[in-house]
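Structure record follows, encoded as structure tokens.
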Amino acid sequence: MSYLNFNKEELVNLEYSLKREVLSTNRAGGYSSTTIVCCNTRKYHGLLVLPINEFGGENHVLLSSLDETIVQHGQSFNLGIHKYPGIYEPRGHKYIVDLEYDPLFTLTYRVGGVVLKKEILMVHNEAQLMIRYTLEDAHSETYLRLKPFLAYRNVHALSKANMMANTKYEHVENGIRSKMYVGFPALNMQLSKANEFVPVPDWYYNIEYLEEKNRGYDYKEDLFVPGYFEVPIKKGESIIFSASTEEVKTSTLKRKFQQMRDKRMSREDFKSCLIYSASQFIVHDGKDTEVVAGYPWFGRWGRDTFIALPGLTLAACFDLKACKEVLDTMARQLHNGLFPNIGKGDKAAYNSIDAPMWFFWAVQEYDKALGEPGAIWKAYGNKMKSILMAFRDGVNPGLRMDPNGLIWAEQPGKALTWMDAVVRGVPVTPRAGYAVEINALWYNAVCYMLKLAEEAEDKAFIKEWKDMPEIIRKSFVDTFWSKEKGYLADYVNEEGPNFCVKPNQVFACSLTYSPITDDMKEQVLKVITKELLTPKGLRTLSPKNPNYHGQYEGNQDRRDEAYHQGTVWPWLIGAYIEANLKLYGKQFLPEAKELLAGYEEDMTLYGLCSIAEVYDGDPPYNPNGCISQAWSVGEVLRSMELIRKCETTSNSIL
């Protein structure tokens, strides 16, 4: 029996089905995503979504959807489903009788005596989607019609009927080639069997995406259909549909599909689901290996990369090679001690002060897994030195190390930490000044570098930095700690400390080198547990605070106001579990396991086999944001590994 179980009777219930989304990536930046009944509810949904170099490498929806129609005795049964104003048409979801997600996303339709199975597959490292249709049962002559809906637009935009679109097509082997606009690649749509293409060019107007409507965005789109393919299909026969930017040999499609299917990872339990999800974030593009921050709308983010990387590579499958490739890719983009948060080249935004600090942490985790003395210093020593010197010398505007050893960060109108939401040009949580996690990470980075320098016998570096840890530690405690309150300030500026109860102080408890005592850690964790802990991670603000937002919903401004003001972030659970295991050892194991078990139900709840970007701060803690977030998955996997190590070690401290 499959691990991933769905309520088969509820599949025809759109309230149930439209909340559950599927994702498959090609490991090269492209993906396929929709709901479990193949009704697109987001502008980001599409069967074939690919990065296009001519447009800055951003993702574009080429093939939005594909409607299947069963034809018997002159009667047509359309299996597709689209949302139009006031109506779903057609309503092919009513024919769905089964859903599987292991090893492929598979739907089974029953129309009278006809049973048709559909399996969807993205080819790894290629710009190709394949769908296998198998007629499992039929009692009379049966035909299959396939009608492609083309979008040809950026994932963040919507297409409208227009005179500029090239609605012509060319014949290719067992199919056609379309190219709607200049600069885009051609889309080759081919079948494994000879067929008839019937040209019926037409625009389908006002297709609606309900999730975009809920998010306060434009949600109506016009899609172009060039016509439809019609092919006879016999009982027991399989036919492959291929959509690719390259013309393919149709005689190879069946064999290629089966080979790809056989290589797919099984999702037989909670951990294997997360490992499968983790593999989808690692993207190879030429000499670069990067981490996609989240699907379906995020690209590569510097901060997210370093936070997610140890879990996605080392904890998931001990992939040292992939971990190093990502670190090397990011290290090549280091500039003045900073990493690009988003964008590349001329479009890179170096506006994340914590990304360099998380780089040290990611290298630390890689170092532990590698276990080769001297290797880290040789590979990254100079890069890490340059980061420390850039912060110490204040080479970037608004970023500096003060005489007290702490890092001050302030740029007018900008949010420089991971709490970076901005509404109408004003940061929701500005946190200018001394931010608690930045300085905890800074202390950890300096201590770690001195350890590496001692191993490498770099006497010059040791002489230059040896006094800094104690200076930073004392200043950190004096600046952030409140003995009366029993926890750390979230940030400190000219007006003094801000003691809103936020989760950022947890990193002062979890990092290898911590500036606070165990007694302080114990008090901090008690406050976090009492006010921020939920079954889905840590809230970003205590419900006791008047600025607390318990629901992440509404238009973009409303969501951004809640983003770091109460919304739960799963990735924070990693630091929380690590801190408690370090402090309490095996005593904390039952609670740690219970916390991770809370995510298991999500494997079939929102983004299948993955963990969402955020959850509501209030019960029932509904998932929201991206359906699959890299650091959510990475930190849960890393937490699993921390638990395993704690169980198998004789020491109570990790």
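Residues are referred to by chain and number: the chain letter is A, B, ... according to the order shown in the structure tokens, the number counts from 1 in that chain, and ligands are numbered separately from 1 in the order shown.
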Write down as a PyMOL selection string the residues belonging to segment 10-73 of chain A that are assigned strand (DSSP E) by DSSP computed on the backbone.
chain A and resi 21-25+31-35+46-52+58-72
Could you list, as a compact mmCIF listing (two decimals) with N, CA, C and O atoms, in the first residue's frame, every residue within 8 Å of Leu104 of chain A, counting only C-alpha atoms and ignoring same-chain residues fewer than 5 positions away?
# COMPACT_ATOMS: atom_id res chain seq x y z
N GLU A 119 0.09 9.60 -16.71
CA GLU A 119 1.28 9.75 -15.89
C GLU A 119 2.12 10.91 -16.42
O GLU A 119 2.44 10.94 -17.60
N ILE A 120 2.48 11.85 -15.53
CA ILE A 120 3.20 13.05 -15.95
C ILE A 120 4.63 13.00 -15.44
O ILE A 120 4.89 12.71 -14.27
N LEU A 121 5.58 13.32 -16.34
CA LEU A 121 7.00 13.21 -16.02
C LEU A 121 7.78 14.37 -16.62
O LEU A 121 7.63 14.67 -17.80
N ARG A 261 11.07 6.85 -15.68
CA ARG A 261 10.17 6.45 -14.59
C ARG A 261 10.88 5.49 -13.64
O ARG A 261 10.74 5.60 -12.41
N ARG A 264 13.06 7.10 -10.98
CA ARG A 264 12.46 8.00 -10.01
C ARG A 264 12.54 7.44 -8.59
O ARG A 264 12.34 6.25 -8.36
Quick one: residues within 8 Å of segment 387-390 of chain A, only C-alpha atoms, excluding same-chain residues fewer than 4 positions away - as a ChimeraX atom specification?
/A:336-338,356,383,394-396,446
Of the candidates A:Val71, A:Ile87, A:Ala379, A:Ala316, which one gets nearest to Leu452 of chain A if we count only C-alpha atoms?
A:Ala379
Of the candidates A:Leu66, A:Val49, A:Cys323, A:Val422, which shows the shortest atom-to-atom distance to Met122 of chain A, using only C-alpha atoms?
A:Val49
